[in-house]
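A.B. asks: I have a structure I would like to understand better, so I am pasting it below and will then ask my questions one at a time.
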Amino acid sequence: MSEPTADGMLHLLRANPTLLPEAPASYTGQDMERRRLDEVHPCLRCGERAALAYVADTEIGPRWLDLCPACAHWLRTTAS
Ligand SMILES: [Zn+2]
């Protein structure tokens, strides 16, 4: 099985937003800090402990995108 690309992963998530946990509709920077610092979530890509919380705005509302530093770097540097 080939490794999905960053674009492939983002496409998949956009098409299937229920794969991501629901974020508060009116999320704030504080919500993002709390999720990343005070809560333990697995990295979406590799399963390691996530250290970064992003919010993806999808058609069914905002969803959390939890990533470890390595995968966040991977996404930032390889997504188009
Ligand atoms: Zn990861």
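Here, A, B, ... name the chains of the structure tokens in the order displayed, residue numbers run from 1 inside each chain, and ligands are numbered from 1 in the same displayed order.
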Wanna dump the region 28-58 of chain A-region 11-21 of chain A contacts at 10 Å for me, each residue with its shortest atom pair and the distance in Å to one decimal, counting only C-alpha atoms, ordered by chain and number, as a tab-separated table?
C.D. replies:
residue	atom	partner	partner_atom	distance
A:Leu44	CA	A:Leu20	CA	8.5
A:Val55	CA	A:Leu20	CA	9.7
A:Ala56	CA	A:Arg14	CA	8.5
A:Asp57	CA	A:Arg14	CA	8.8
A:Thr58	CA	A:Arg14	CA	6.4
A.B. asks: Give the residues close to ligand 1, within 6 Å, counting only C-alpha atoms and all ligand atoms; write them as a ChimeraX atom specification.
C.D. replies: /A:43,45-48,67-68,70-71
A.B. asks: Take the selection from the previous step and output its residues with N, CA and C atoms, as a tab-separated table (two decimals), in the first residue's frame.
C.D. replies:
chain	number	residue	atom	x	y	z
A	43	CYS	N	-2.25	11.46	16.92
A	43	CYS	CA	-2.01	12.09	15.63
A	43	CYS	C	-2.84	11.37	14.57
A	45	ARG	N	-2.38	11.04	11.50
A	45	ARG	CA	-1.64	10.31	10.47
A	45	ARG	C	-0.87	9.12	11.03
A	46	CYS	N	-0.19	9.31	12.15
A	46	CYS	CA	0.70	8.23	12.62
A	46	CYS	C	0.30	7.63	13.96
A	47	GLY	N	-0.61	8.27	14.69
A	47	GLY	CA	-1.06	7.70	15.95
A	47	GLY	C	-0.22	8.08	17.16
A	48	GLU	N	0.88	8.78	16.95
A	48	GLU	CA	1.66	9.30	18.08
A	48	GLU	C	0.84	10.38	18.77
A	67	LEU	N	-2.41	16.66	15.00
A	67	LEU	CA	-1.19	16.15	14.37
A	67	LEU	C	-0.01	16.25	15.33
A	68	CYS	N	0.91	15.30	15.22
A	68	CYS	CA	2.17	15.41	15.95
A	68	CYS	C	3.06	16.39	15.17
A	70	ALA	N	5.90	16.11	13.67
A	70	ALA	CA	6.47	15.59	12.43
A	70	ALA	C	5.42	15.57	11.31
A	71	CYS	N	4.21	15.16	11.64
A	71	CYS	CA	3.18	15.08	10.61
A	71	CYS	C	2.66	16.47	10.24
A.B. asks: Using DSSP on the backbone coordinates, identify the residues of chain A assigned to helix (DSSP H, G or I); present them as a short mmCIF file (atom, residue, chain, number, x, y, z; two decimals) with N, CA, C and O atoms, in the first residue's frame.
C.D. replies:
data_model
loop_
_atom_site.label_atom_id
_atom_site.label_comp_id
_atom_site.auth_asym_id
_atom_site.auth_seq_id
_atom_site.Cartn_x
_atom_site.Cartn_y
_atom_site.Cartn_z
N ALA A 6 -0.11 14.21 1.11
CA ALA A 6 -0.78 15.21 1.94
C ALA A 6 -2.05 15.68 1.25
O ALA A 6 -3.11 15.80 1.87
N ASP A 7 -1.97 15.90 -0.05
CA ASP A 7 -3.16 16.35 -0.77
C ASP A 7 -4.23 15.26 -0.76
O ASP A 7 -5.41 15.55 -0.61
N GLY A 8 -3.78 14.02 -0.91
CA GLY A 8 -4.73 12.91 -0.87
C GLY A 8 -5.44 12.83 0.47
O GLY A 8 -6.64 12.61 0.55
N MET A 9 -4.66 13.03 1.55
CA MET A 9 -5.26 12.97 2.87
C MET A 9 -6.26 14.12 3.06
O MET A 9 -7.36 13.91 3.58
N LEU A 10 -5.91 15.31 2.61
CA LEU A 10 -6.82 16.45 2.77
C LEU A 10 -8.09 16.27 1.94
O LEU A 10 -9.18 16.61 2.39
N HIS A 11 -7.93 15.68 0.78
CA HIS A 11 -9.09 15.40 -0.06
C HIS A 11 -10.03 14.42 0.64
O HIS A 11 -11.24 14.61 0.68
N LEU A 12 -9.41 13.38 1.17
CA LEU A 12 -10.19 12.34 1.85
C LEU A 12 -10.96 12.94 3.03
O LEU A 12 -12.14 12.67 3.24
N LEU A 13 -10.28 13.82 3.78
CA LEU A 13 -10.92 14.42 4.94
C LEU A 13 -12.03 15.39 4.53
O LEU A 13 -13.05 15.49 5.19
N ARG A 14 -11.80 16.07 3.45
CA ARG A 14 -12.82 17.01 2.98
C ARG A 14 -14.06 16.23 2.51
O ARG A 14 -15.18 16.66 2.71
N ALA A 15 -13.81 15.08 1.89
CA ALA A 15 -14.93 14.27 1.40
C ALA A 15 -15.61 13.52 2.54
O ALA A 15 -16.79 13.18 2.46
N PRO A 17 -15.72 14.33 6.26
CA PRO A 17 -15.38 15.10 7.47
C PRO A 17 -15.74 14.39 8.77
O PRO A 17 -15.20 14.73 9.81
N THR A 18 -16.60 13.39 8.70
CA THR A 18 -16.95 12.68 9.95
C THR A 18 -15.79 11.84 10.45
O THR A 18 -15.85 11.32 11.56
N LEU A 19 -14.73 11.69 9.67
CA LEU A 19 -13.53 11.02 10.15
C LEU A 19 -12.86 11.83 11.25
O LEU A 19 -12.08 11.30 12.03
N GLY A 29 -9.04 30.52 19.76
CA GLY A 29 -7.64 30.15 19.91
C GLY A 29 -7.42 29.42 21.23
O GLY A 29 -6.59 28.53 21.33
N GLN A 30 -8.22 29.80 22.23
CA GLN A 30 -8.11 29.16 23.54
C GLN A 30 -8.52 27.69 23.45
O GLN A 30 -7.91 26.83 24.08
N ASP A 31 -9.58 27.42 22.70
CA ASP A 31 -10.00 26.02 22.50
C ASP A 31 -8.87 25.23 21.87
O ASP A 31 -8.60 24.08 22.23
N MET A 32 -8.20 25.84 20.90
CA MET A 32 -7.13 25.14 20.19
C MET A 32 -5.95 24.89 21.13
O MET A 32 -5.35 23.82 21.12
N GLU A 33 -5.63 25.88 21.97
CA GLU A 33 -4.54 25.71 22.92
C GLU A 33 -4.86 24.61 23.93
O GLU A 33 -4.03 23.80 24.26
N ARG A 34 -6.11 24.63 24.40
CA ARG A 34 -6.49 23.64 25.40
C ARG A 34 -6.42 22.24 24.80
O ARG A 34 -5.93 21.31 25.42
N ARG A 35 -6.90 22.09 23.60
CA ARG A 35 -6.91 20.78 22.98
C ARG A 35 -5.48 20.26 22.78
O ARG A 35 -5.19 19.09 22.97
N ARG A 36 -4.61 21.17 22.42
CA ARG A 36 -3.26 20.73 22.10
C ARG A 36 -2.41 20.54 23.35
O ARG A 36 -1.55 19.66 23.40
N LEU A 37 -2.68 21.33 24.41
CA LEU A 37 -1.82 21.27 25.59
C LEU A 37 -2.40 20.43 26.72
O LEU A 37 -1.65 19.77 27.44
N PRO A 69 4.14 16.88 15.77
CA PRO A 69 4.97 17.88 15.07
C PRO A 69 5.50 17.38 13.73
O PRO A 69 5.52 18.12 12.74
N ALA A 70 5.90 16.11 13.67
CA ALA A 70 6.47 15.59 12.43
C ALA A 70 5.42 15.57 11.31
O ALA A 70 5.71 15.95 10.17
N CYS A 71 4.21 15.16 11.64
CA CYS A 71 3.18 15.08 10.61
C CYS A 71 2.66 16.47 10.24
O CYS A 71 2.29 16.70 9.09
N ALA A 72 2.65 17.38 11.20
CA ALA A 72 2.24 18.75 10.89
C ALA A 72 3.24 19.35 9.91
O ALA A 72 2.87 20.03 8.94
N HIS A 73 4.51 19.06 10.13
CA HIS A 73 5.55 19.54 9.23
C HIS A 73 5.37 18.92 7.84
O HIS A 73 5.44 19.59 6.82
N TRP A 74 5.10 17.62 7.84
CA TRP A 74 4.88 16.90 6.59
C TRP A 74 3.73 17.52 5.81
O TRP A 74 3.83 17.76 4.60
N LEU A 75 2.64 17.82 6.52
CA LEU A 75 1.46 18.38 5.86
C LEU A 75 1.77 19.77 5.30
O LEU A 75 1.42 20.11 4.18
N ARG A 76 2.45 20.58 6.14
CA ARG A 76 2.75 21.95 5.72
C ARG A 76 3.69 21.99 4.52
O ARG A 76 3.58 22.84 3.67
N THR A 77 4.61 21.04 4.50
CA THR A 77 5.64 21.12 3.46
C THR A 77 5.27 20.33 2.20
O THR A 77 5.89 20.54 1.16
N THR A 78 4.29 19.43 2.27
CA THR A 78 3.99 18.64 1.08
C THR A 78 2.62 18.92 0.48
O THR A 78 2.38 18.60 -0.66
#
A.B. asks: Check the DSSP output for the backbone and give back, as a ChimeraX atom specification, the residues of chain A in strand (DSSP E or B).
C.D. replies: /A:22,42,49,52-58,61-67
A.B. asks: Which residue is closest to Ala25 (chain A)? Choose from A:Asp38, A:Glu59, A:Ala50, A:Thr5 and count only C-alpha atoms.
C.D. replies: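 Counting only C-alpha atoms, the residue closest to Ala25 (chain A) is A:Glu59.
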A.B. asks: What's the separation between CA of Leu52 (chain A) and CA of Asp66 (chain A), in Å to one decimal place?
C.D. replies: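 CA of Asp66 (chain A) lies at a distance of 5.9 Å from CA of Leu52 (chain A).
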A.B. asks: CA of Arg63 (chain A) and CA of Ala23 (chain A), how far apart in Å?
C.D. replies: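 Separation of CA of Ala23 (chain A) and CA of Arg63 (chain A): 4.7 Å.
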A.B. asks: What is the distance between CA of Pro62 (chain A) and CA of Glu22 (chain A), in Å to one decimal?
C.D. replies: 6.5 Å
